[in-house]
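Shown next: start_16.cif, containing mmCIF, C-alpha atoms.
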data_input
#
loop_
_atom_site.label_atom_id
_atom_site.label_comp_id
_atom_site.auth_asym_id
_atom_site.auth_seq_id
_atom_site.Cartn_x
_atom_site.Cartn_y
_atom_site.Cartn_z
CA MET M 1 -51.10 -5.58 -26.31
CA LEU M 2 -48.75 -2.62 -25.88
CA THR M 3 -49.64 -1.28 -22.45
CA ASP M 4 -49.70 2.43 -21.58
CA GLU M 5 -46.75 2.01 -19.20
CA ILE M 6 -44.54 0.31 -21.81
CA PHE M 7 -45.60 2.77 -24.50
CA ALA M 8 -44.81 5.73 -22.22
CA GLU M 9 -41.33 4.34 -21.57
CA TYR M 10 -40.96 3.75 -25.30
CA LEU M 11 -41.80 7.38 -26.08
CA SER M 12 -39.39 8.62 -23.40
CA HIS M 13 -36.44 7.42 -25.47
CA PHE M 14 -37.08 9.99 -28.19
CA PRO M 15 -35.11 13.24 -27.75
CA THR M 16 -37.93 15.46 -29.08
CA LYS M 17 -41.65 15.44 -28.60
CA ILE M 18 -43.54 13.57 -31.29
CA GLU M 19 -47.02 14.87 -32.06
CA ASP M 20 -48.30 12.03 -34.22
CA THR M 21 -47.68 8.75 -32.42
CA SER M 22 -49.79 6.64 -34.74
CA SER M 23 -46.89 5.87 -37.09
CA ILE M 24 -44.03 5.53 -34.60
CA VAL M 25 -44.20 1.82 -33.87
CA VAL M 26 -42.97 -0.08 -36.91
CA GLU M 27 -43.27 -3.55 -35.48
CA GLY M 28 -41.43 -6.65 -36.51
CA ARG M 29 -42.20 -10.30 -35.92
CA LEU M 30 -40.14 -13.15 -34.54
CA THR M 31 -39.50 -15.87 -37.09
CA ARG M 32 -37.06 -18.24 -35.40
CA MET M 33 -35.13 -18.94 -32.21
CA ILE M 34 -31.89 -20.94 -32.05
CA GLY M 35 -30.31 -21.29 -28.64
CA MET M 36 -30.47 -17.84 -27.09
CA THR M 37 -30.67 -16.02 -30.42
CA LEU M 38 -33.96 -14.60 -31.74
CA GLU M 39 -34.51 -13.83 -35.42
CA ALA M 40 -37.00 -11.15 -36.50
CA VAL M 41 -38.11 -9.42 -39.68
CA GLY M 42 -40.10 -6.31 -40.47
CA CYS M 43 -38.45 -3.57 -38.38
CA SER M 44 -35.56 -1.25 -39.06
CA VAL M 45 -33.05 -1.19 -36.19
CA ASN M 46 -29.32 -0.76 -35.62
CA ILE M 47 -26.71 -2.77 -33.73
CA GLY M 48 -26.91 -2.17 -29.98
CA GLU M 49 -30.49 -0.85 -29.95
CA ARG M 50 -33.13 -2.16 -27.55
CA CYS M 51 -36.44 -3.78 -28.52
CA TYR M 52 -39.47 -5.03 -26.63
CA ILE M 53 -40.78 -8.52 -27.38
CA GLU M 54 -44.36 -9.39 -26.45
CA THR M 55 -44.93 -12.71 -24.70
CA THR M 56 -48.01 -14.90 -24.89
CA GLN M 57 -49.04 -13.55 -21.45
CA GLY M 58 -49.14 -9.97 -22.80
CA LYS M 59 -45.92 -8.97 -21.01
CA PHE M 60 -42.89 -7.37 -22.66
CA GLU M 61 -39.32 -8.59 -22.41
CA GLN M 62 -36.29 -6.59 -23.47
CA ALA M 63 -33.78 -7.71 -26.08
CA GLU M 64 -30.84 -6.10 -27.82
CA VAL M 65 -29.89 -6.16 -31.49
CA VAL M 66 -26.60 -8.05 -31.84
CA GLY M 67 -26.46 -8.70 -35.61
CA PHE M 68 -28.30 -8.80 -38.91
CA THR M 69 -28.33 -10.58 -42.29
CA LYS M 70 -30.12 -8.89 -45.20
CA ASP M 71 -33.66 -8.31 -43.90
CA LYS M 72 -33.25 -10.42 -40.76
CA ILE M 73 -32.12 -9.05 -37.41
CA TYR M 74 -30.66 -11.08 -34.56
CA LEU M 75 -31.63 -10.23 -31.00
CA MET M 76 -30.34 -11.48 -27.68
CA PRO M 77 -32.76 -11.37 -24.71
CA ILE M 78 -31.63 -9.43 -21.67
CA GLY M 79 -33.82 -11.29 -19.21
CA LYS M 80 -35.88 -14.47 -19.33
CA ILE M 81 -37.47 -15.70 -22.56
CA HIS M 82 -40.37 -17.76 -21.21
CA GLY M 83 -43.58 -17.17 -23.10
CA ILE M 84 -41.98 -15.96 -26.33
CA GLY M 85 -43.28 -17.78 -29.41
CA PRO M 86 -43.18 -17.59 -33.22
CA GLY M 87 -44.77 -14.46 -34.62
CA ALA M 88 -44.30 -12.49 -31.38
CA ARG M 89 -44.32 -8.71 -31.82
CA VAL M 90 -40.94 -6.95 -31.84
CA ILE M 91 -41.21 -3.25 -30.94
CA PRO M 92 -38.04 -1.18 -31.47
CA THR M 93 -37.14 1.68 -29.11
CA HIS M 94 -34.41 3.19 -31.32
CA SER M 95 -32.30 3.73 -28.20
CA GLN M 96 -29.24 2.09 -26.70
CA ALA M 97 -28.58 0.94 -23.16
CA THR M 98 -27.90 3.59 -20.51
CA ILE M 99 -27.31 3.47 -16.77
CA PRO M 100 -28.12 6.05 -14.06
CA VAL M 101 -25.07 7.72 -12.47
CA GLY M 102 -24.68 9.97 -9.45
CA GLU M 103 -23.78 10.13 -5.77
CA ALA M 104 -27.01 8.25 -4.98
CA LEU M 105 -25.35 5.05 -6.22
CA LEU M 106 -22.96 4.93 -3.25
CA GLY M 107 -23.92 2.15 -0.88
CA ARG M 108 -26.16 0.42 -3.44
CA VAL M 109 -26.13 -2.96 -5.18
CA LEU M 110 -27.28 -2.95 -8.82
CA ASP M 111 -27.80 -5.40 -11.65
CA GLY M 112 -26.38 -4.98 -15.16
CA GLN M 113 -29.13 -2.52 -16.12
CA GLY M 114 -28.54 -0.26 -13.14
CA LYS M 115 -31.65 -1.48 -11.29
CA PRO M 116 -31.25 -1.90 -7.51
CA ILE M 117 -31.39 -5.46 -6.15
CA ASP M 118 -30.64 -4.63 -2.49
CA GLY M 119 -34.23 -3.97 -1.41
CA LYS M 120 -33.51 -0.35 -0.46
CA GLY M 121 -35.92 1.20 -2.95
CA PRO M 122 -35.29 2.98 -6.24
CA VAL M 123 -32.10 4.88 -7.06
CA HIS M 124 -32.71 8.59 -7.64
CA CYS M 125 -30.06 9.84 -10.06
CA LEU M 126 -30.43 12.95 -12.20
CA GLN M 127 -28.02 11.79 -14.90
CA SER M 128 -27.54 8.73 -17.05
CA ARG M 129 -24.74 7.56 -19.32
CA PRO M 130 -24.57 5.11 -22.23
CA LEU M 131 -22.81 1.83 -21.52
CA ALA M 132 -20.71 2.20 -24.66
CA ALA M 133 -18.09 4.88 -23.96
CA GLN M 134 -16.44 7.23 -26.40
CA GLU M 135 -12.81 6.70 -27.41
CA THR M 136 -10.26 8.57 -25.29
CA ASN M 137 -7.30 10.42 -26.73
CA PRO M 138 -4.29 8.76 -25.03
CA LEU M 139 -2.33 12.04 -25.15
CA ASN M 140 -4.88 13.69 -22.88
CA ARG M 141 -4.34 11.19 -20.09
CA LYS M 142 -2.25 11.94 -17.04
CA PRO M 143 0.69 9.48 -16.76
CA VAL M 144 0.93 7.08 -13.81
CA SER M 145 3.35 8.86 -11.50
CA GLU M 146 2.46 8.13 -7.87
CA PRO M 147 2.22 4.86 -5.93
CA LEU M 148 -1.04 3.57 -4.50
CA ASP M 149 -1.17 1.99 -1.04
CA VAL M 150 -3.27 -1.20 -1.30
CA GLY M 151 -2.51 -2.41 2.23
CA VAL M 152 -0.91 -5.69 1.05
CA ARG M 153 2.79 -5.95 1.93
CA THR M 154 3.93 -7.98 -1.10
CA ILE M 155 2.22 -5.66 -3.58
CA ASN M 156 3.24 -2.44 -1.82
CA SER M 157 6.90 -3.42 -1.62
CA VAL M 158 7.79 -5.85 -4.45
CA LEU M 159 5.07 -5.21 -7.05
CA THR M 160 4.23 -1.58 -6.35
CA VAL M 161 1.03 -0.38 -8.02
CA GLY M 162 0.53 3.17 -9.31
CA ARG M 163 -2.62 5.26 -9.11
CA GLY M 164 -4.39 4.81 -12.44
CA GLN M 165 -2.77 1.45 -13.25
CA ARG M 166 -4.68 -1.58 -14.65
CA MET M 167 -3.59 -4.89 -13.07
CA GLY M 168 -4.65 -8.48 -13.64
CA LEU M 169 -4.95 -11.20 -11.00
CA LEU M 170 -4.11 -14.40 -12.89
CA ALA M 171 -4.92 -17.69 -11.19
CA GLY M 172 -6.78 -20.96 -11.36
CA SER M 173 -9.93 -21.64 -9.38
CA GLY M 174 -9.76 -21.71 -5.60
CA VAL M 175 -6.32 -20.09 -5.24
CA GLY M 176 -7.46 -16.93 -3.46
CA LYS M 177 -8.31 -14.31 -6.09
CA SER M 178 -11.50 -13.18 -4.37
CA VAL M 179 -9.82 -13.13 -0.95
CA LEU M 180 -7.01 -10.91 -2.26
CA LEU M 181 -9.57 -8.62 -3.91
CA GLY M 182 -11.36 -8.37 -0.58
CA MET M 183 -8.17 -7.34 1.21
CA MET M 184 -7.52 -4.59 -1.33
CA THR M 185 -11.16 -3.48 -1.11
CA ARG M 186 -10.85 -2.87 2.62
CA PHE M 187 -7.31 -1.49 2.71
CA THR M 188 -6.81 0.58 -0.47
CA GLU M 189 -6.78 4.38 -0.25
CA ALA M 190 -9.63 5.32 -2.60
CA GLU M 191 -12.51 7.76 -2.40
CA VAL M 192 -14.92 5.49 -4.28
CA ILE M 193 -14.86 1.72 -4.81
CA VAL M 194 -16.76 0.15 -7.71
CA VAL M 195 -17.07 -3.64 -7.61
CA GLY M 196 -18.21 -5.68 -10.61
CA LEU M 197 -19.14 -9.28 -9.71
CA ILE M 198 -19.58 -10.68 -13.21
CA GLY M 199 -20.59 -14.26 -13.91
CA GLU M 200 -19.52 -15.65 -10.55
CA ARG M 201 -21.45 -17.73 -8.01
CA GLY M 202 -24.58 -16.05 -6.70
CA ARG M 203 -23.85 -16.85 -3.05
CA GLU M 204 -20.60 -14.87 -3.24
CA VAL M 205 -22.48 -11.61 -3.80
CA LYS M 206 -23.96 -11.42 -0.30
CA GLU M 207 -20.78 -12.79 1.27
CA PHE M 208 -18.69 -10.13 -0.46
CA ILE M 209 -20.99 -7.32 0.66
CA GLU M 210 -21.46 -8.43 4.27
CA GLN M 211 -18.14 -10.09 5.12
CA ILE M 212 -15.64 -8.22 2.94
CA LEU M 213 -17.07 -4.74 2.42
CA GLY M 214 -18.96 -4.50 5.71
CA ASN M 215 -21.03 -1.50 6.78
CA GLU M 216 -18.11 0.91 6.55
CA GLY M 217 -16.92 -0.27 3.14
CA ILE M 218 -20.33 -0.34 1.47
CA ASN M 219 -20.92 3.35 2.20
CA ARG M 220 -18.20 4.36 -0.27
CA SER M 221 -18.86 1.55 -2.72
CA VAL M 222 -21.09 0.69 -5.66
CA VAL M 223 -21.59 -3.01 -6.39
CA VAL M 224 -22.75 -4.27 -9.78
CA ALA M 225 -23.72 -7.93 -9.39
CA VAL M 226 -24.56 -10.15 -12.37
CA PRO M 227 -24.22 -13.81 -11.29
CA ALA M 228 -23.62 -16.76 -13.60
CA ASP M 229 -27.32 -17.60 -14.06
CA TYR M 230 -28.02 -14.25 -15.80
CA SER M 231 -28.09 -14.03 -19.60
CA PRO M 232 -24.77 -13.53 -21.41
CA LEU M 233 -25.89 -10.11 -22.59
CA MET M 234 -26.60 -9.04 -19.01
CA ARG M 235 -23.16 -10.25 -17.94
CA LEU M 236 -21.56 -8.19 -20.70
CA GLN M 237 -23.54 -5.13 -19.69
CA GLY M 238 -22.70 -5.66 -16.02
CA ALA M 239 -18.98 -5.23 -16.74
CA MET M 240 -19.69 -2.18 -18.89
CA ALA M 241 -22.02 -0.72 -16.25
CA ALA M 242 -19.36 -1.02 -13.52
CA THR M 243 -16.84 0.69 -15.80
CA THR M 244 -19.30 3.45 -16.73
CA ILE M 245 -20.01 4.18 -13.06
CA ALA M 246 -16.26 4.30 -12.32
CA GLU M 247 -15.80 6.71 -15.24
CA TYR M 248 -18.48 9.02 -13.84
CA PHE M 249 -16.78 9.32 -10.46
CA ARG M 250 -13.37 9.77 -12.12
CA ASP M 251 -14.82 12.64 -14.14
CA GLN M 252 -15.89 14.24 -10.83
CA GLY M 253 -12.19 14.35 -9.85
CA LYS M 254 -12.30 11.34 -7.50
CA ASN M 255 -9.76 8.54 -7.16
CA VAL M 256 -11.66 5.34 -7.91
CA LEU M 257 -10.76 1.71 -7.25
CA LEU M 258 -12.42 -0.61 -9.79
CA LEU M 259 -12.46 -4.32 -8.94
CA MET M 260 -13.85 -6.76 -11.50
CA ASP M 261 -14.34 -10.44 -10.81
CA SER M 262 -13.92 -11.70 -13.42
CA LEU M 263 -12.64 -10.63 -16.81
CA THR M 264 -12.78 -14.23 -17.99
CA ARG M 265 -16.55 -14.46 -17.43
CA PHE M 266 -16.94 -11.24 -19.42
CA CYS M 267 -15.06 -12.84 -22.32
CA GLN M 268 -17.07 -16.05 -22.02
CA ALA M 269 -20.30 -14.05 -22.21
CA GLN M 270 -19.11 -12.39 -25.43
CA ARG M 271 -18.17 -15.82 -26.77
CA GLU M 272 -21.71 -17.08 -26.13
CA VAL M 273 -23.21 -14.09 -27.94
CA ALA M 274 -20.79 -14.25 -30.87
CA LEU M 275 -21.11 -18.00 -31.44
CA ALA M 276 -24.91 -17.77 -31.19
CA ILE M 277 -25.08 -15.38 -34.16
CA GLY M 278 -22.71 -17.46 -36.26
CA GLU M 279 -19.27 -15.94 -35.72
CA PRO M 280 -16.66 -18.70 -36.27
CA PRO M 281 -14.39 -19.69 -33.35
CA ALA M 282 -10.71 -18.85 -33.75
CA THR M 283 -8.54 -19.52 -30.70
CA LYS M 284 -9.58 -22.41 -28.45
CA GLY M 285 -13.26 -21.72 -29.13
CA TYR M 286 -13.04 -17.93 -28.70
CA PRO M 287 -14.17 -15.90 -31.75
CA PRO M 288 -12.15 -12.82 -32.84
CA SER M 289 -14.71 -10.36 -31.41
CA VAL M 290 -13.74 -11.43 -27.88
CA PHE M 291 -10.17 -10.20 -28.36
CA ALA M 292 -11.45 -6.99 -29.96
CA LEU M 293 -13.87 -6.25 -27.10
CA LEU M 294 -11.37 -6.94 -24.30
CA PRO M 295 -9.17 -3.85 -24.83
CA GLN M 296 -12.26 -1.72 -25.42
CA LEU M 297 -13.31 -2.47 -21.84
CA VAL M 298 -9.89 -2.33 -20.17
CA GLU M 299 -8.73 0.89 -21.86
CA ARG M 300 -11.63 2.77 -20.29
CA ALA M 301 -9.92 2.52 -16.89
CA GLY M 302 -6.83 4.52 -15.95
CA ASN M 303 -6.07 8.16 -15.25
CA GLY M 304 -8.22 10.98 -16.55
CA ASP M 305 -7.10 14.37 -17.83
CA GLU M 306 -4.41 16.38 -16.05
CA GLY M 307 -5.79 17.53 -12.72
CA GLY M 308 -8.67 15.06 -12.85
CA GLY M 309 -9.42 11.80 -11.10
CA SER M 310 -8.24 8.25 -11.71
CA ILE M 311 -9.45 4.66 -12.00
CA THR M 312 -7.07 2.06 -10.60
CA ALA M 313 -8.42 -1.27 -11.80
CA PHE M 314 -7.85 -4.87 -10.74
CA TYR M 315 -9.29 -7.59 -13.00
CA THR M 316 -9.31 -11.23 -12.00
CA VAL M 317 -8.51 -13.61 -14.86
CA LEU M 318 -9.28 -17.31 -14.46
CA ALA M 319 -6.49 -19.54 -15.78
CA GLU M 320 -8.45 -22.70 -16.54
CA GLY M 321 -6.49 -25.73 -15.40
CA ASP M 322 -3.80 -23.33 -14.10
CA ASP M 323 -2.78 -22.80 -17.73
CA GLN M 324 -0.91 -19.48 -17.95
CA GLN M 325 -1.02 -19.76 -21.76
CA ASP M 326 -4.82 -19.77 -21.85
CA PRO M 327 -5.86 -17.34 -24.65
CA ILE M 328 -7.74 -14.97 -22.31
CA VAL M 329 -4.87 -14.99 -19.79
CA ASP M 330 -2.39 -14.30 -22.59
CA ALA M 331 -4.52 -11.51 -24.08
CA ALA M 332 -5.10 -9.87 -20.67
CA ARG M 333 -1.41 -10.06 -19.82
CA ALA M 334 -0.59 -8.26 -23.07
CA ILE M 335 -2.96 -5.30 -22.66
CA LEU M 336 -2.84 -4.70 -18.88
CA ASP M 337 -0.22 -2.63 -17.03
CA GLY M 338 0.97 -5.61 -15.03
CA HIS M 339 -0.22 -8.86 -13.50
CA LEU M 340 -0.15 -10.75 -10.23
CA VAL M 341 0.14 -14.52 -10.70
CA LEU M 342 -1.32 -16.56 -7.84
CA SER M 343 0.35 -19.94 -7.37
CA ARG M 344 -1.59 -23.07 -6.41
CA GLU M 345 1.62 -24.56 -4.99
CA LEU M 346 2.03 -21.60 -2.63
CA ALA M 347 -1.66 -21.69 -1.66
CA ASP M 348 -1.47 -25.44 -0.94
CA SER M 349 1.50 -24.81 1.36
CA GLY M 350 -0.45 -22.23 3.38
CA HIS M 351 1.35 -19.22 1.91
CA TYR M 352 -1.17 -16.35 1.65
CA PRO M 353 -1.53 -14.22 -0.34
CA ALA M 354 -0.23 -16.81 -2.81
CA ILE M 355 1.52 -14.29 -5.09
CA ASP M 356 4.33 -15.76 -7.18
CA ILE M 357 6.78 -12.85 -7.24
CA GLU M 358 8.91 -14.50 -9.97
CA LYS M 359 6.07 -14.56 -12.50
CA SER M 360 4.36 -11.32 -11.47
CA VAL M 361 5.25 -7.86 -12.72
CA SER M 362 4.19 -4.23 -12.34
CA ARG M 363 4.96 -2.36 -15.55
CA VAL M 364 4.98 1.09 -13.93
CA LEU M 365 7.34 0.13 -11.11
CA ASN M 366 10.27 2.20 -12.43
CA GLN M 367 8.17 5.37 -12.66
CA ILE M 368 6.87 5.28 -9.10
CA THR M 369 9.74 3.90 -6.98
CA SER M 370 13.17 5.18 -5.90
CA GLN M 371 16.46 3.60 -6.98
CA GLU M 372 17.07 2.31 -3.46
CA HIS M 373 13.63 0.68 -3.44
CA ARG M 374 14.29 -0.98 -6.81
CA ASP M 375 17.69 -2.26 -5.59
CA ALA M 376 15.95 -3.95 -2.65
CA ILE M 377 13.37 -5.55 -4.99
CA ILE M 378 16.11 -6.89 -7.29
CA GLN M 379 17.95 -8.30 -4.28
CA LEU M 380 14.89 -10.09 -2.94
CA LYS M 381 13.96 -11.55 -6.34
CA PHE M 382 17.54 -12.65 -6.92
CA LEU M 383 17.73 -14.58 -3.64
CA TYR M 384 14.20 -15.97 -4.01
CA SER M 385 14.92 -17.18 -7.56
CA ASN M 386 18.22 -18.81 -6.56
CA TYR M 387 16.49 -20.70 -3.78
CA GLN M 388 13.69 -21.89 -6.09
CA GLN M 389 16.21 -23.11 -8.70
CA ASN M 390 18.00 -25.23 -6.10
CA LYS M 391 14.93 -26.14 -4.07
CA ASP M 392 14.91 -29.83 -5.01
CA LEU M 393 18.58 -30.30 -4.07
CA ILE M 394 18.09 -28.42 -0.81
CA THR M 395 14.97 -30.39 0.10
CA VAL M 396 16.54 -33.85 -0.35
CA GLY M 397 19.77 -32.77 1.35
CA ALA M 398 21.92 -33.07 -1.78
CA TYR M 399 23.17 -29.51 -1.60
CA GLN M 400 26.39 -29.07 0.37
CA LYS M 401 26.66 -25.79 2.23
CA GLY M 402 29.61 -23.75 1.00
CA SER M 403 29.23 -24.81 -2.64
CA ASP M 404 27.75 -21.45 -3.64
CA GLN M 405 27.84 -18.29 -1.53
CA THR M 406 24.62 -16.92 -3.07
CA VAL M 407 22.66 -20.13 -2.46
CA ASP M 408 23.95 -20.24 1.11
CA LEU M 409 22.69 -16.71 1.66
CA ALA M 410 19.34 -17.57 0.06
CA ILE M 411 18.93 -20.56 2.38
CA ASP M 412 19.73 -18.44 5.44
CA MET M 413 17.34 -15.66 4.45
CA MET M 414 14.46 -17.73 3.07
CA PRO M 415 12.54 -18.05 6.38
CA GLY M 416 12.56 -14.25 6.76
CA ILE M 417 11.56 -13.74 3.12
CA ARG M 418 8.63 -16.15 3.47
CA GLU M 419 7.46 -14.40 6.61
CA PHE M 420 7.74 -11.04 4.85
CA LEU M 421 5.68 -12.21 1.86
CA CYS M 422 2.88 -13.73 3.99
CA GLN M 423 0.11 -11.64 5.50
CA ASN M 424 -2.98 -12.26 7.59
CA LEU M 425 -6.34 -11.69 5.91
CA ASN M 426 -7.32 -8.92 8.34
CA GLU M 427 -3.86 -7.32 8.65
CA LYS M 428 -3.26 -4.00 6.90
CA VAL M 429 0.35 -3.04 6.14
CA LEU M 430 1.00 0.53 5.05
CA MET M 431 3.11 1.37 2.02
CA GLN M 432 5.79 3.15 4.04
CA ASP M 433 6.13 0.26 6.49
CA SER M 434 6.28 -2.30 3.66
CA VAL M 435 9.08 -0.49 1.81
CA THR M 436 11.06 0.27 4.99
CA GLU M 437 10.96 -3.38 6.05
CA LEU M 438 12.02 -4.54 2.57
CA LYS M 439 15.02 -2.17 2.53
CA ARG M 440 16.06 -3.16 6.04
CA MET M 441 15.93 -6.85 5.19
CA MET M 442 17.58 -6.68 1.75
CA LEU M 443 20.10 -3.83 1.89
CA GLY M 444 21.97 -4.74 5.04
CA GLU M 445 25.68 -5.56 5.08
CA LYS M 446 25.09 -9.32 4.95
CA THR M 447 22.87 -9.25 1.89
CA ALA M 448 24.47 -6.46 -0.17
CA PRO M 449 27.14 -8.66 -1.91
CA ALA M 450 24.57 -11.18 -3.21
CA VAL M 451 23.90 -9.54 -6.61
CA ARG M 452 26.78 -9.22 -9.06
CA PHE M 453 26.36 -7.51 -12.47
#
Starting from the file, lay out its structure as structure tokens.
Amino acid sequence: MLTDEIFAEYLSHFPTKIEDTSSIVVEGRLTRMIGMTLEAVGCSVNIGERCYIETTQGKFEQAEVVGFTKDKIYLMPIGKIHGIGPGARVIPTHSQATIPVGEALLGRVLDGQGKPIDGKGPVHCLQSRPLAAQETNPLNRKPVSEPLDVGVRTINSVLTVGRGQRMGLLAGSGVGKSVLLGMMTRFTEAEVIVVGLIGERGREVKEFIEQILGNEGINRSVVVAVPADYSPLMRLQGAMAATTIAEYFRDQGKNVLLLMDSLTRFCQAQREVALAIGEPPATKGYPPSVFALLPQLVERAGNGDEGGGSITAFYTVLAEGDDQQDPIVDAARAILDGHLVLSRELADSGHYPAIDIEKSVSRVLNQITSQEHRDAIIQLKFLYSNYQQNKDLITVGAYQKGSDQTVDLAIDMMPGIREFLCQNLNEKVLMQDSVTELKRMMLGEKTAPAVRF
């Protein structure tokens, strides 16, 4: 039976008051369920709209329309599907998903629907926004023109990030992506931090909030947590909800740091939805809609209009089996403004953060750094690369000192370079100090002759 509470919420979705409610509910019926996909007939709905499905216990579960074929519609449940049977009533709401936005979200932990899960009571926001954002005219966006201090020496000095940039953290499992995200969460200069924990382990949610954010960090943060045991649709909406919240604060003129862990789980959730409704797989099991949805999410971050706020975004991307040619890794690398590759070899040797500076790149580096700074970066990469190319010979003692002046210099300077690139988990290094130390180390009289063009 359609309860008064559910019916009242149903009516609230209509923009105007409806006098005759007797003909509003054009119900459908479930006819089949395959995997997580529900098939229904008898109601007229559009893609992305919400429906209520009545269970055998008289309760109502939410589902979203994800496809259709002739007179059949395909729905994906948002929550649990226990108690749903053949012939169950499908009641359309003719509305799409929205999320509450406002200053009241600061310090709160939400699920993918914007409902609080931190036990601190309801969230009182006066506004709400749809999860699906409107397209942005790229010519209206402010260019990335100023560096952002993230408190990590290697990033500040060698892979400088700009305010409004979108960066990927590419790595296999257990190499330190979450730890590096935590460092940037605590150290980055941002007015608001929005964290999306999408499809990861449930235990990491509380650890991230208590151990990484802490009491001081949570007060300027909004956490959207959708662990791996949630439905694929909820995981998709969790990533969109975190982005929508970040967009709201950017539109208020604030500089926002958006951290999403992980972009891969977002893509895997879309793969589950797409395969469930019959979309054929294309690249290593990923259907084409995954690669279409990825830029739609990422492009929402970045700078706003001239004089407005910004969203600087870091997305972790899981390279399964440390494969840097994984289709999601490759797609993310192509559409982001740069990437940080974390090396398992460096992590195994105790080098943290395990950023491989040879394979990492910041695509806005030239716009936000001075010529002297760039000269120092080139010098460091040149020496580091020469050492890595001759590492095997050096290690076994086959290299004879004096054979190559550049390699000799690289060997002499490598201990200092390693020390410079390593950083303690709780150590914050300011941008100015990072760049000054890099210039001092790389542009001295002894190192200047190393690069020849």
- Quick one: which residues end up in the PyMOL selection byres ((chain M and resi 39-44) around 12) for this structure, as a ChimeraX atom specification? /M:24-38,45-47,49-53,63-77,84-94,276-277
- To one decimal in Å, tell me the separation between CA of Ile355 in chain M and CA of Leu169 in chain M.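 Value for the CA of Ile355 in chain M-CA of Leu169 in chain M distance: 9.3 Å.
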- Task: Apply the PyMOL selection byres ((chain M and resi 262) around 9) to the file shown and report the selected residues as a PyMOL selection string.
- Result: chain M and resi 196-200+239+259-261+263-266+315-318
- Selected residue, from M:Ala132, M:Glu189, M:Asn424, M:His82, that lies nearest to Gln296 in chain M when counting only C-alpha atoms: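 Result for the nearest residue to Gln296 in chain M: M:Ala132.
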- Counting all atoms listed in the file, which of M:Gln57, M:Asn366, M:Gln268, M:Thr160 gets nearest to Gln432 in chain M?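 Checking each of M:Gln57, M:Asn366, M:Gln268, M:Thr160 against Gln432 in chain M, counting all atoms listed in the file, the winner is M:Thr160.
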- Message: Please determine, counting all atoms listed in the file, which residue among M:Lys115, M:Lys177, M:Arg108, M:His124 has the shortest atom-to-atom distance to Asn219 in chain M.
- Response: M:Arg108
- Item | Selected residue of minimal separation from Glu146 in chain M among M:Gln165, M:Gln379, M:Gln211, M:Ser349, counting only C-alpha atoms |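 Closest to Glu146 in chain M of all the choices is M:Gln165.
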- Query: Got a sec to resolve the PyMOL selection byres ((chain M and resi 171) around 10) on this structure and send the residues as a ChimeraX atom specification?
  - Reply: /M:168-170,172-177,316-324,329,340-344,354-355
- Straight-line distance linking CA of Val429 in chain M with CA of Asn156 in chain M, stated in Å to one decimal: 8.5 Å
- Task: Write out as a list in words each polymer residue whose atoms come within 12 Å of Arg374 in chain M, counting all atoms listed in the file; drop sequence neighbours fewer than 4 positions from it.
- Result: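 Here the answer would be Ser157, Val158, Leu159, Thr160, Ser362, Val364, Leu365, Asn366, Gln367, Ile368, Thr369, Ser370, Ile378, Gln379, Leu380, Lys381, Val435, Leu438, Lys439, Met442 and Leu443 of chain M.
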